[in-house]
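Enquirer: Data: run34.cif, mmCIF, C-alpha atoms.
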```cif
data_target
#
loop_
_atom_site.label_atom_id
_atom_site.label_comp_id
_atom_site.auth_asym_id
_atom_site.auth_seq_id
_atom_site.Cartn_x
_atom_site.Cartn_y
_atom_site.Cartn_z
CA MET B 1 -30.60 -278.75 9.01
CA LYS B 2 -28.37 -276.48 6.93
CA VAL B 3 -30.24 -273.88 4.87
CA PHE B 4 -28.73 -271.92 1.97
CA VAL B 5 -30.35 -268.53 1.29
CA ASN B 6 -29.00 -267.18 -1.99
CA LYS B 7 -30.00 -263.55 -1.35
CA ARG B 8 -30.87 -261.49 1.70
CA ILE B 9 -34.52 -261.40 2.69
CA PRO B 10 -36.22 -259.44 5.50
CA GLU B 11 -34.58 -260.29 8.81
CA VAL B 12 -37.82 -261.60 10.29
CA GLY B 13 -37.57 -264.73 8.14
CA ILE B 14 -33.89 -265.34 8.88
CA GLN B 15 -34.46 -264.95 12.62
CA MET B 16 -37.35 -267.42 12.51
CA LEU B 17 -35.09 -270.02 10.94
CA LYS B 18 -32.34 -269.45 13.49
CA ASP B 19 -34.80 -269.52 16.41
CA ALA B 20 -36.03 -272.89 15.15
CA GLY B 21 -32.48 -274.25 15.37
CA LEU B 22 -31.70 -274.25 11.65
CA GLU B 23 -28.22 -273.34 10.45
CA VAL B 24 -28.52 -270.48 7.96
CA PHE B 25 -25.93 -269.42 5.37
CA ILE B 26 -26.18 -266.27 3.22
CA PRO B 27 -23.26 -265.45 0.90
CA GLU B 28 -21.44 -262.14 1.39
CA HIS B 29 -22.06 -261.11 -2.21
CA GLU B 30 -25.34 -261.91 -3.94
CA ASN B 31 -24.41 -261.82 -7.64
CA LEU B 32 -23.41 -265.45 -7.64
CA SER B 33 -22.13 -267.25 -10.70
CA HIS B 34 -23.89 -270.47 -11.58
CA ASN B 35 -20.96 -272.52 -10.27
CA GLU B 36 -20.83 -270.59 -6.98
CA TRP B 37 -24.55 -271.08 -6.49
CA LEU B 38 -24.34 -274.77 -7.33
CA ASN B 39 -21.44 -275.36 -4.94
CA TYR B 40 -23.35 -273.72 -2.10
CA CYS B 41 -26.38 -275.88 -2.91
CA LYS B 42 -24.22 -279.02 -2.77
CA SER B 43 -23.17 -278.30 0.81
CA HIS B 44 -26.64 -277.69 2.26
CA ASP B 45 -29.77 -279.69 3.05
CA ALA B 46 -32.36 -277.15 1.99
CA ILE B 47 -32.62 -273.96 -0.04
CA LEU B 48 -34.54 -270.75 0.51
CA SER B 49 -34.49 -269.56 -3.09
CA VAL B 50 -34.83 -265.87 -3.96
CA GLY B 51 -35.31 -264.85 -7.59
CA GLY B 52 -35.69 -266.93 -10.71
CA GLU B 53 -32.26 -266.73 -12.35
CA PHE B 54 -31.29 -270.25 -11.28
CA LYS B 55 -33.23 -273.26 -12.52
CA TYR B 56 -34.09 -276.26 -10.42
CA ASP B 57 -34.19 -278.69 -13.31
CA LYS B 58 -33.34 -282.36 -13.73
CA ASP B 59 -29.61 -281.60 -14.00
CA PHE B 60 -29.68 -279.60 -10.78
CA PHE B 61 -31.35 -282.38 -8.81
CA ALA B 62 -28.88 -284.91 -10.23
CA GLU B 63 -25.95 -282.76 -9.11
CA CYS B 64 -27.44 -281.97 -5.70
CA PRO B 65 -28.92 -285.22 -4.35
CA ASN B 66 -28.37 -283.79 -0.85
CA ILE B 67 -31.20 -281.26 -1.24
CA LYS B 68 -34.26 -282.38 0.69
CA ALA B 69 -36.50 -279.30 0.49
CA ILE B 70 -36.82 -276.02 -1.41
CA ALA B 71 -38.67 -272.95 -0.16
CA LEU B 72 -39.26 -270.36 -2.87
CA TYR B 73 -39.46 -266.69 -2.03
CA SER B 74 -42.17 -266.29 -4.67
CA VAL B 75 -45.60 -267.48 -5.70
CA GLY B 76 -44.46 -268.65 -9.13
CA PHE B 77 -42.57 -271.90 -9.47
CA ASP B 78 -42.00 -272.12 -13.23
CA HIS B 79 -38.22 -272.32 -12.66
CA VAL B 80 -38.64 -275.62 -10.80
CA ASP B 81 -39.06 -279.02 -12.44
CA ILE B 82 -41.95 -280.13 -10.24
CA LYS B 83 -42.11 -283.57 -11.83
CA GLU B 84 -38.48 -284.23 -10.93
CA ALA B 85 -38.97 -282.82 -7.43
CA ASN B 86 -41.86 -285.23 -6.95
CA HIS B 87 -39.76 -288.09 -8.24
CA ARG B 88 -37.18 -287.31 -5.57
CA ASN B 89 -39.78 -286.67 -2.83
CA ILE B 90 -38.72 -283.04 -2.45
CA PRO B 91 -41.44 -280.61 -1.31
CA VAL B 92 -41.29 -277.17 -2.94
CA GLY B 93 -42.76 -274.38 -0.86
CA ASN B 94 -43.99 -271.07 -2.27
CA THR B 95 -45.59 -267.88 -0.91
CA PRO B 96 -49.16 -267.39 -2.13
CA ASP B 97 -51.74 -265.07 -0.48
CA VAL B 98 -49.27 -262.79 1.31
CA LEU B 99 -48.53 -260.78 -1.84
CA SER B 100 -51.92 -260.96 -3.58
CA LYS B 101 -53.02 -257.46 -2.60
CA ALA B 102 -49.63 -255.89 -3.35
CA THR B 103 -49.34 -257.47 -6.80
CA SER B 104 -52.93 -256.65 -7.71
CA ASP B 105 -52.21 -253.05 -6.65
CA VAL B 106 -49.50 -252.89 -9.31
CA ALA B 107 -51.81 -254.32 -11.98
CA PHE B 108 -54.42 -251.73 -10.97
CA LEU B 109 -51.77 -248.99 -11.04
CA LEU B 110 -50.58 -250.03 -14.51
CA MET B 111 -54.14 -250.07 -15.84
CA GLN B 112 -54.70 -246.49 -14.74
CA SER B 113 -51.24 -245.31 -15.76
CA VAL B 114 -51.69 -246.64 -19.28
CA ALA B 115 -55.26 -245.39 -19.57
CA ARG B 116 -54.11 -241.85 -18.79
CA ARG B 117 -50.63 -242.08 -20.41
CA ALA B 118 -49.03 -241.21 -17.08
CA SER B 119 -45.47 -242.33 -17.90
CA TYR B 120 -45.43 -240.39 -21.16
CA ASN B 121 -46.74 -237.22 -19.54
CA PHE B 122 -44.32 -237.53 -16.62
CA GLU B 123 -41.43 -237.69 -19.10
CA LYS B 124 -42.75 -234.50 -20.72
CA VAL B 125 -42.65 -232.74 -17.36
CA LYS B 126 -39.11 -233.97 -16.58
CA SER B 127 -37.81 -232.85 -19.97
CA GLY B 128 -39.34 -229.39 -19.64
CA ASN B 129 -41.71 -230.11 -22.47
CA TRP B 130 -44.94 -229.35 -20.65
CA GLY B 131 -46.12 -227.23 -23.59
CA ASP B 132 -49.27 -225.23 -24.14
CA PHE B 133 -52.74 -226.65 -23.63
CA ASP B 134 -53.70 -228.86 -26.58
CA PRO B 135 -57.23 -230.29 -26.44
CA LEU B 136 -56.30 -233.18 -28.73
CA HIS B 137 -52.81 -234.21 -27.62
CA ALA B 138 -52.08 -237.62 -26.00
CA LEU B 139 -55.60 -238.17 -24.75
CA GLY B 140 -56.30 -241.00 -22.36
CA GLN B 141 -59.42 -243.04 -21.89
CA GLU B 142 -61.78 -243.61 -18.99
CA LEU B 143 -62.34 -247.01 -17.42
CA TYR B 144 -65.84 -246.55 -16.03
CA GLY B 145 -68.18 -249.37 -17.02
CA LYS B 146 -65.58 -251.05 -19.22
CA THR B 147 -64.95 -254.81 -19.29
CA LEU B 148 -61.99 -256.27 -17.42
CA GLY B 149 -60.90 -259.63 -18.72
CA VAL B 150 -58.79 -261.70 -16.31
CA PHE B 151 -56.63 -264.54 -17.56
CA GLY B 152 -56.12 -266.64 -14.44
CA LEU B 153 -58.68 -265.57 -11.86
CA GLY B 154 -56.98 -266.88 -8.75
CA ARG B 155 -56.00 -264.95 -5.62
CA ILE B 156 -54.26 -262.04 -7.35
CA GLY B 157 -56.72 -261.90 -10.23
CA PHE B 158 -59.59 -261.83 -7.74
CA GLU B 159 -58.09 -258.83 -5.94
CA MET B 160 -57.54 -257.02 -9.25
CA ALA B 161 -61.12 -257.71 -10.32
CA LYS B 162 -62.53 -256.55 -6.96
CA LYS B 163 -60.60 -253.26 -7.09
CA SER B 164 -61.63 -252.61 -10.71
CA GLN B 165 -65.27 -253.30 -10.02
CA LYS B 166 -65.44 -251.12 -6.91
CA ALA B 167 -63.47 -248.22 -8.38
CA PHE B 168 -64.77 -248.17 -11.94
CA ASP B 169 -67.87 -250.39 -11.91
CA MET B 170 -66.13 -252.61 -14.46
CA ASN B 171 -67.73 -255.79 -15.76
CA ILE B 172 -65.64 -258.87 -15.00
CA ILE B 173 -65.06 -261.74 -17.40
CA TYR B 174 -62.41 -264.41 -16.95
CA HIS B 175 -60.82 -267.53 -18.39
CA ASN B 176 -59.43 -270.26 -16.14
CA ARG B 177 -58.74 -273.95 -16.30
CA HIS B 178 -61.57 -274.23 -13.76
CA GLN B 179 -64.48 -271.95 -12.95
CA ASN B 180 -64.15 -269.68 -9.92
CA LYS B 181 -67.52 -269.91 -8.18
CA GLU B 182 -66.52 -267.44 -5.47
CA ALA B 183 -65.74 -264.77 -8.06
CA GLU B 184 -68.96 -265.49 -9.92
CA GLU B 185 -71.00 -265.06 -6.74
CA GLU B 186 -69.16 -262.11 -5.18
CA LEU B 187 -68.16 -260.17 -8.30
CA ASN B 188 -70.76 -261.40 -10.77
CA ALA B 189 -67.82 -262.54 -12.90
CA THR B 190 -68.60 -264.45 -16.08
CA TYR B 191 -66.58 -267.44 -17.26
CA VAL B 192 -65.78 -267.20 -20.98
CA SER B 193 -63.69 -269.04 -23.54
CA PHE B 194 -60.22 -267.78 -24.36
CA GLU B 195 -61.46 -266.47 -27.70
CA GLU B 196 -64.26 -264.55 -25.97
CA LEU B 197 -61.84 -263.20 -23.39
CA ILE B 198 -59.52 -261.64 -25.95
CA SER B 199 -62.30 -260.28 -28.16
CA GLN B 200 -64.49 -258.80 -25.41
CA SER B 201 -61.98 -257.29 -22.96
CA ASP B 202 -61.35 -253.55 -22.79
CA VAL B 203 -58.59 -254.35 -20.31
CA LEU B 204 -56.98 -257.79 -20.37
CA SER B 205 -54.93 -258.60 -17.27
CA ILE B 206 -52.80 -261.74 -16.85
CA HIS B 207 -52.63 -263.36 -13.41
CA ALA B 208 -52.10 -267.05 -14.17
CA ASN B 209 -49.25 -269.31 -13.10
CA PHE B 210 -46.92 -269.68 -16.06
CA ILE B 211 -46.39 -273.10 -17.63
CA PRO B 212 -44.15 -273.85 -20.64
CA GLU B 213 -47.15 -274.75 -22.81
CA GLN B 214 -48.31 -271.12 -22.54
CA LYS B 215 -45.04 -269.59 -23.73
CA GLU B 216 -45.82 -266.45 -25.75
CA LEU B 217 -49.52 -267.32 -25.76
CA PHE B 218 -50.22 -263.63 -26.24
CA ASN B 219 -48.76 -263.03 -29.69
CA SER B 220 -49.68 -261.36 -32.97
CA LEU B 221 -52.55 -263.77 -33.56
CA VAL B 222 -54.10 -262.83 -30.23
CA PHE B 223 -53.42 -259.09 -30.46
CA GLU B 224 -55.11 -259.08 -33.89
CA LYS B 225 -58.33 -260.28 -32.24
CA MET B 226 -58.35 -257.78 -29.38
CA LYS B 227 -60.27 -254.51 -29.39
CA GLU B 228 -58.54 -251.44 -30.77
CA ASN B 229 -59.15 -249.68 -27.45
CA ALA B 230 -57.83 -252.63 -25.41
CA ILE B 231 -55.20 -252.28 -22.69
CA PHE B 232 -52.94 -255.29 -22.14
CA ILE B 233 -51.61 -255.79 -18.59
CA ASN B 234 -49.05 -258.40 -17.56
CA THR B 235 -47.90 -258.67 -13.95
CA ALA B 236 -47.49 -262.47 -14.01
CA ARG B 237 -44.55 -263.66 -16.12
CA GLY B 238 -42.93 -262.09 -19.18
CA GLY B 239 -42.99 -265.44 -20.94
CA PHE B 240 -46.72 -265.07 -21.47
CA HIS B 241 -46.28 -262.47 -24.20
CA ASN B 242 -44.19 -262.10 -27.35
CA GLN B 243 -42.67 -258.67 -26.83
CA LYS B 244 -41.93 -257.93 -30.48
CA ASP B 245 -45.50 -258.82 -31.41
CA LEU B 246 -46.78 -256.62 -28.58
CA TYR B 247 -44.68 -253.70 -29.80
CA ASN B 248 -46.00 -254.11 -33.33
CA ALA B 249 -49.58 -254.30 -32.12
CA LEU B 250 -49.12 -251.08 -30.15
CA ALA B 251 -47.19 -249.23 -32.84
CA GLU B 252 -49.72 -250.21 -35.49
CA LYS B 253 -52.61 -249.23 -33.17
CA LYS B 254 -54.12 -252.71 -33.21
CA ILE B 255 -54.48 -252.36 -29.42
CA TRP B 256 -54.52 -249.17 -27.38
CA GLY B 257 -51.88 -249.62 -24.69
CA ALA B 258 -49.88 -251.94 -22.44
CA GLY B 259 -48.74 -252.02 -18.83
CA LEU B 260 -45.96 -254.45 -17.90
CA ASP B 261 -44.40 -255.36 -14.59
CA VAL B 262 -42.71 -258.30 -16.31
CA THR B 263 -41.01 -258.35 -19.69
CA ASN B 264 -39.70 -260.78 -22.28
CA PRO B 265 -36.73 -260.88 -21.88
CA GLU B 266 -36.31 -259.75 -18.29
CA PRO B 267 -34.73 -257.39 -17.50
CA ILE B 268 -35.85 -255.50 -20.58
CA PHE B 269 -33.11 -254.08 -22.83
CA LYS B 270 -32.81 -250.32 -22.32
CA ASP B 271 -33.06 -249.75 -26.08
CA ASP B 272 -36.22 -251.84 -26.51
CA PRO B 273 -38.44 -249.75 -28.82
CA ILE B 274 -41.50 -250.49 -26.69
CA LEU B 275 -40.09 -248.06 -24.11
CA GLU B 276 -40.43 -245.19 -26.58
CA LEU B 277 -44.18 -245.57 -27.00
CA SER B 278 -46.50 -243.07 -25.31
CA ASN B 279 -49.11 -245.72 -24.56
CA VAL B 280 -46.87 -248.02 -22.50
CA CYS B 281 -45.86 -248.16 -18.85
CA VAL B 282 -43.12 -250.61 -17.78
CA LEU B 283 -42.10 -251.35 -14.20
CA PRO B 284 -39.13 -253.48 -13.03
CA HIS B 285 -41.04 -256.46 -11.57
CA ILE B 286 -42.13 -254.72 -8.35
CA GLY B 287 -45.42 -256.55 -7.82
CA SER B 288 -44.57 -257.70 -4.31
CA ALA B 289 -42.34 -254.74 -3.43
CA THR B 290 -44.02 -253.53 -0.26
CA ILE B 291 -42.71 -253.85 3.29
CA GLU B 292 -45.79 -255.83 4.27
CA ALA B 293 -45.67 -258.26 1.36
CA ARG B 294 -41.94 -258.91 1.49
CA ASN B 295 -42.08 -259.50 5.26
CA GLY B 296 -45.01 -261.84 4.74
CA MET B 297 -43.09 -263.75 2.08
CA ALA B 298 -40.08 -264.08 4.39
CA LYS B 299 -42.25 -265.42 7.20
CA LEU B 300 -44.06 -267.94 5.00
CA ALA B 301 -40.86 -269.18 3.34
CA ALA B 302 -39.34 -269.67 6.79
CA GLU B 303 -42.46 -271.40 8.08
CA ASN B 304 -42.30 -273.81 5.15
CA LEU B 305 -38.73 -274.85 5.99
CA ILE B 306 -39.36 -275.00 9.72
CA ALA B 307 -42.34 -277.30 9.15
CA PHE B 308 -40.22 -279.53 6.93
CA SER B 309 -37.47 -279.70 9.56
CA LYS B 310 -40.06 -280.97 12.05
CA GLY B 311 -41.34 -283.65 9.69
CA GLU B 312 -44.54 -281.68 9.04
CA LYS B 313 -46.20 -280.60 5.81
CA MET B 314 -45.25 -277.23 4.43
CA GLN B 315 -47.96 -274.62 4.98
CA ALA B 316 -47.81 -273.54 1.33
CA CYS B 317 -46.58 -276.17 -1.07
CA ALA B 318 -46.41 -275.96 -4.86
CA ASN B 319 -46.41 -279.76 -5.13
CA PRO B 320 -48.66 -281.07 -2.33
CA GLU B 321 -48.90 -284.37 -4.18
CA VAL B 322 -45.41 -285.14 -2.85
CA TYR B 323 -46.99 -285.87 0.51
CA SER B 324 -49.75 -288.18 -0.72
CA GLN B 325 -47.30 -290.26 -2.76
CA ASN B 326 -45.34 -290.97 0.43
CA LEU B 327 -48.31 -292.41 2.30
#
```
Show me this structure written as structure tokens.

Expert:
Amino acid sequence: MKVFVNKRIPEVGIQMLKDAGLEVFIPEHENLSHNEWLNYCKSHDAILSVGGEFKYDKDFFAECPNIKAIALYSVGFDHVDIKEANHRNIPVGNTPDVLSKATSDVAFLLMQSVARRASYNFEKVKSGNWGDFDPLHALGQELYGKTLGVFGLGRIGFEMAKKSQKAFDMNIIYHNRHQNKEAEEELNATYVSFEELISQSDVLSIHANFIPEQKELFNSLVFEKMKENAIFINTARGGFHNQKDLYNALAEKKIWGAGLDVTNPEPIFKDDPILELSNVCVLPHIGSATIEARNGMAKLAAENLIAFSKGEKMQACANPEVYSQNL
């Protein structure tokens, strides 16, 4: 089976594929044009897909009927038309679990950085503008005993909630499509409506899988209903929030601060006014950027393709229904 890997991943994953007898191709340069990428896809049987710049939509599948399996080097799969993949009996692997702790670490980091205006104060130090002691300048806020609201309390959200509770004795509320009994029992988390989530959270952290119906769900109407002291955290997908509305809410002090590991658009424009605010911390989508997490992702993506090559089910599959429909 010929596998196209569009960008380099940790060698452990590549070696696993080769050891399993799969033929692996990685282009010499990674900034592929759409046509280059598409041509490589047309000449392979399977894809190990890194990044979300290329879309696996209906047009892609029509142009690449040779593709039999896709292994994503990510948890999210919003750039894949799952319905069309199912129609063509193509399993789509992803990499949950292995990056849950790393990504929740970044959400936890952002929460603290925003609460204490760390980015703003670091810039003051770098610019030589430390200044004299001012008891009232750029004060932060403490998180002890506050309420963390989690939108999408799955694996990553659970880790974020656990850290926040243990470190700051935070109360946990959440909104999901389905209740999370484990979180309710272990963390005493409380299931609430979406309206209750946005009105009661001191920190609101997004950890859901993104679907088109939730595009810019967090907009001016939502920010208007949040607490004035609220901190908005997004480490999931930039598409969840309207960035202009978020800027306005921050600038007009309708909410207190924001921490983003994902932006809308992404990458963020360097002149985006949100970057000038003292109550904002923005990171360049580094949620899974640890040696341990990236190696784990490489292993799981490889395991998914190796299983497929053997006629077995992928260990982690974004569309497991593809197997039941073939019975």

Enquirer: Take the PyMOL selection byres ((chain B and resi 53-68) around 9), apply it to the structure above, and return the hits as a list in words.

Expert: His34, Trp37, Leu38, Asn39, Cys41, Lys42, Ser43, His44, Asp45, Ala46, Ile47, Ser49, Val50, Gly51, Gly52, Ala69, Ile70, Asp78, His79, Val80, Asp81, Ile82, Glu84, Ala85, Arg88, Asn89, Ile90 and Pro91 of chain B

Enquirer: List the neighbours of Glu186 (chain B) out to 12 Å using only C-alpha atoms; skip same-chain residues closer than 2 positions along the sequence, and give me the result as a list in words.

Expert: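 With the cut-off at 12 Å, the set is Phe158, Glu159, Ala161, Lys162, Gln165, Lys166, Ile172, Asn180, Lys181, Glu182, Ala183, Glu184, Asn188, Ala189 and Thr190 of chain B.
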
Enquirer: So that I have them on file, write out the residues from the current selection with C-alpha atoms, as a compact mmCIF listing (two decimals), keeping the file's coordinate frame.

Expert:
```txt
# COMPACT_ATOMS: atom_id res chain seq x y z
CA PHE B 158 -59.59 -261.83 -7.74
CA GLU B 159 -58.09 -258.83 -5.94
CA ALA B 161 -61.12 -257.71 -10.32
CA LYS B 162 -62.53 -256.55 -6.96
CA GLN B 165 -65.27 -253.30 -10.02
CA LYS B 166 -65.44 -251.12 -6.91
CA ILE B 172 -65.64 -258.87 -15.00
CA ASN B 180 -64.15 -269.68 -9.92
CA LYS B 181 -67.52 -269.91 -8.18
CA GLU B 182 -66.52 -267.44 -5.47
CA ALA B 183 -65.74 -264.77 -8.06
CA GLU B 184 -68.96 -265.49 -9.92
CA ASN B 188 -70.76 -261.40 -10.77
CA ALA B 189 -67.82 -262.54 -12.90
CA THR B 190 -68.60 -264.45 -16.08
```

Enquirer: Using all atoms listed in the file, find the one residue out of B:Leu277, B:Ala258, B:Leu139, B:Ala293 that sits nearest to Ser100 (chain B).

Expert: B:Ala293

Enquirer: What is the distance, in Å and to one decimal place, between CA of Cys281 (chain B) and CA of Ser164 (chain B)?

Expert: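 Rounded to one decimal, the two atoms are 18.3 Å apart.
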
Enquirer: Can you pull out every residue within 9 Å of Pro212 (chain B), counting all atoms listed in the file, but drop anything in the same chain fewer than 2 positions away, and send it as a PyMOL selection string?

Expert: chain B and resi 78+210+214-215+239

Enquirer: As a check of understanding, name the residues that the PyMOL selection byres ((chain B and resi 237) around 9) selects in the supplied structure, as an mmCIF file with C-alpha atoms, keeping the file's coordinate frame.

Expert:
```cif
data_model
loop_
_atom_site.group_PDB
_atom_site.id
_atom_site.type_symbol
_atom_site.label_atom_id
_atom_site.label_comp_id
_atom_site.auth_asym_id
_atom_site.auth_seq_id
_atom_site.Cartn_x
_atom_site.Cartn_y
_atom_site.Cartn_z
ATOM 1 C CA GLY B 76 -44.460 -268.650 -9.130
ATOM 2 C CA ILE B 206 -52.800 -261.740 -16.850
ATOM 3 C CA HIS B 207 -52.630 -263.360 -13.410
ATOM 4 C CA ALA B 208 -52.100 -267.050 -14.170
ATOM 5 C CA ASN B 209 -49.250 -269.310 -13.100
ATOM 6 C CA PHE B 210 -46.920 -269.680 -16.060
ATOM 7 C CA ASN B 234 -49.050 -258.400 -17.560
ATOM 8 C CA THR B 235 -47.900 -258.670 -13.950
ATOM 9 C CA ALA B 236 -47.490 -262.470 -14.010
ATOM 10 C CA GLY B 238 -42.930 -262.090 -19.180
ATOM 11 C CA GLY B 239 -42.990 -265.440 -20.940
ATOM 12 C CA PHE B 240 -46.720 -265.070 -21.470
ATOM 13 C CA HIS B 241 -46.280 -262.470 -24.200
ATOM 14 C CA ASP B 261 -44.400 -255.360 -14.590
ATOM 15 C CA VAL B 262 -42.710 -258.300 -16.310
ATOM 16 C CA THR B 263 -41.010 -258.350 -19.690
ATOM 17 C CA ASN B 264 -39.700 -260.780 -22.280
#
```

Enquirer: Which residues match the PyMOL selection byres ((chain B and resi 205) around 8) in the file above, as a PyMOL selection string?

Expert: chain B and resi 107+148-151+157+203-204+206-207+232-235

Enquirer: For Lys253 (chain B), please output as a short mmCIF file (atom, residue, chain, number, x, y, z; two decimals) with C-alpha atoms, in the frame of the given file all residues within 12 Å (counting only C-alpha atoms; exclusion window: fewer than 3 positions along the same chain).

Expert:
```cif
data_model
loop_
_atom_site.label_atom_id
_atom_site.label_comp_id
_atom_site.auth_asym_id
_atom_site.auth_seq_id
_atom_site.Cartn_x
_atom_site.Cartn_y
_atom_site.Cartn_z
CA PHE B 223 -53.42 -259.09 -30.46
CA GLU B 224 -55.11 -259.08 -33.89
CA MET B 226 -58.35 -257.78 -29.38
CA LYS B 227 -60.27 -254.51 -29.39
CA GLU B 228 -58.54 -251.44 -30.77
CA ASN B 229 -59.15 -249.68 -27.45
CA ALA B 230 -57.83 -252.63 -25.41
CA ILE B 231 -55.20 -252.28 -22.69
CA LEU B 246 -46.78 -256.62 -28.58
CA TYR B 247 -44.68 -253.70 -29.80
CA ASN B 248 -46.00 -254.11 -33.33
CA ALA B 249 -49.58 -254.30 -32.12
CA LEU B 250 -49.12 -251.08 -30.15
CA TRP B 256 -54.52 -249.17 -27.38
CA GLY B 257 -51.88 -249.62 -24.69
CA ALA B 258 -49.88 -251.94 -22.44
CA LEU B 277 -44.18 -245.57 -27.00
CA SER B 278 -46.50 -243.07 -25.31
CA ASN B 279 -49.11 -245.72 -24.56
#
```

Enquirer: Starting from the incomplete input, reconstruct N, CA and C atoms of region 87-104 of chain B and write that as a PDB file, in the frame of the given file.

Expert:
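Wrote selection-v8.pdb, looks like this:
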```
ATOM      1  N   HIS B  87     -40.471-286.815  -8.077  1.00  0.00           N
ATOM      2  CA  HIS B  87     -39.760-288.090  -8.240  1.00  0.00           C
ATOM      3  C   HIS B  87     -38.767-288.316  -7.113  1.00  0.00           C
ATOM      4  N   ARG B  88     -38.194-287.207  -6.624  1.00  0.00           N
ATOM      5  CA  ARG B  88     -37.180-287.310  -5.570  1.00  0.00           C
ATOM      6  C   ARG B  88     -37.764-287.013  -4.176  1.00  0.00           C
ATOM      7  N   ASN B  89     -39.096-286.911  -4.106  1.00  0.00           N
ATOM      8  CA  ASN B  89     -39.780-286.670  -2.830  1.00  0.00           C
ATOM      9  C   ASN B  89     -39.331-285.371  -2.159  1.00  0.00           C
ATOM     10  N   ILE B  90     -39.158-284.333  -2.973  1.00  0.00           N
ATOM     11  CA  ILE B  90     -38.720-283.040  -2.450  1.00  0.00           C
ATOM     12  C   ILE B  90     -39.895-282.062  -2.480  1.00  0.00           C
ATOM     13  N   PRO B  91     -40.381-281.619  -1.324  1.00  0.00           N
ATOM     14  CA  PRO B  91     -41.440-280.610  -1.310  1.00  0.00           C
ATOM     15  C   PRO B  91     -40.883-279.252  -1.721  1.00  0.00           C
ATOM     16  N   VAL B  92     -41.681-278.508  -2.472  1.00  0.00           N
ATOM     17  CA  VAL B  92     -41.290-277.170  -2.940  1.00  0.00           C
ATOM     18  C   VAL B  92     -42.299-276.171  -2.399  1.00  0.00           C
ATOM     19  N   GLY B  93     -41.872-275.377  -1.435  1.00  0.00           N
ATOM     20  CA  GLY B  93     -42.760-274.380  -0.860  1.00  0.00           C
ATOM     21  C   GLY B  93     -42.799-273.116  -1.699  1.00  0.00           C
ATOM     22  N   ASN B  94     -43.903-272.385  -1.630  1.00  0.00           N
ATOM     23  CA  ASN B  94     -43.990-271.070  -2.270  1.00  0.00           C
ATOM     24  C   ASN B  94     -44.732-270.118  -1.341  1.00  0.00           C
ATOM     25  N   THR B  95     -45.029-268.897  -1.811  1.00  0.00           N
ATOM     26  CA  THR B  95     -45.590-267.880  -0.910  1.00  0.00           C
ATOM     27  C   THR B  95     -46.847-267.234  -1.482  1.00  0.00           C
ATOM     28  N   PRO B  96     -47.920-267.992  -1.657  1.00  0.00           N
ATOM     29  CA  PRO B  96     -49.160-267.390  -2.130  1.00  0.00           C
ATOM     30  C   PRO B  96     -49.835-266.567  -1.031  1.00  0.00           C
ATOM     31  N   ASP B  97     -50.894-265.853  -1.403  1.00  0.00           N
ATOM     32  CA  ASP B  97     -51.740-265.070  -0.480  1.00  0.00           C
ATOM     33  C   ASP B  97     -51.075-263.817   0.042  1.00  0.00           C
ATOM     34  N   VAL B  98     -49.864-263.933   0.612  1.00  0.00           N
ATOM     35  CA  VAL B  98     -49.270-262.790   1.310  1.00  0.00           C
ATOM     36  C   VAL B  98     -48.936-261.626   0.384  1.00  0.00           C
ATOM     37  N   LEU B  99     -48.844-261.880  -0.915  1.00  0.00           N
ATOM     38  CA  LEU B  99     -48.530-260.780  -1.840  1.00  0.00           C
ATOM     39  C   LEU B  99     -49.666-260.511  -2.829  1.00  0.00           C
ATOM     40  N   SER B 100     -50.813-261.117  -2.631  1.00  0.00           N
ATOM     41  CA  SER B 100     -51.920-260.960  -3.580  1.00  0.00           C
ATOM     42  C   SER B 100     -52.381-259.518  -3.703  1.00  0.00           C
ATOM     43  N   LYS B 101     -52.559-258.854  -2.566  1.00  0.00           N
ATOM     44  CA  LYS B 101     -53.020-257.460  -2.600  1.00  0.00           C
ATOM     45  C   LYS B 101     -51.964-256.550  -3.220  1.00  0.00           C
ATOM     46  N   ALA B 102     -50.701-256.745  -2.834  1.00  0.00           N
ATOM     47  CA  ALA B 102     -49.630-255.890  -3.350  1.00  0.00           C
ATOM     48  C   ALA B 102     -49.479-256.026  -4.864  1.00  0.00           C
ATOM     49  N   THR B 103     -49.509-257.263  -5.359  1.00  0.00           N
ATOM     50  CA  THR B 103     -49.340-257.470  -6.800  1.00  0.00           C
ATOM     51  C   THR B 103     -50.541-256.969  -7.577  1.00  0.00           C
ATOM     52  N   SER B 104     -51.739-257.163  -7.024  1.00  0.00           N
ATOM     53  CA  SER B 104     -52.930-256.650  -7.710  1.00  0.00           C
ATOM     54  C   SER B 104     -52.930-255.123  -7.715  1.00  0.00           C
TER      55      SER B 104
END
```
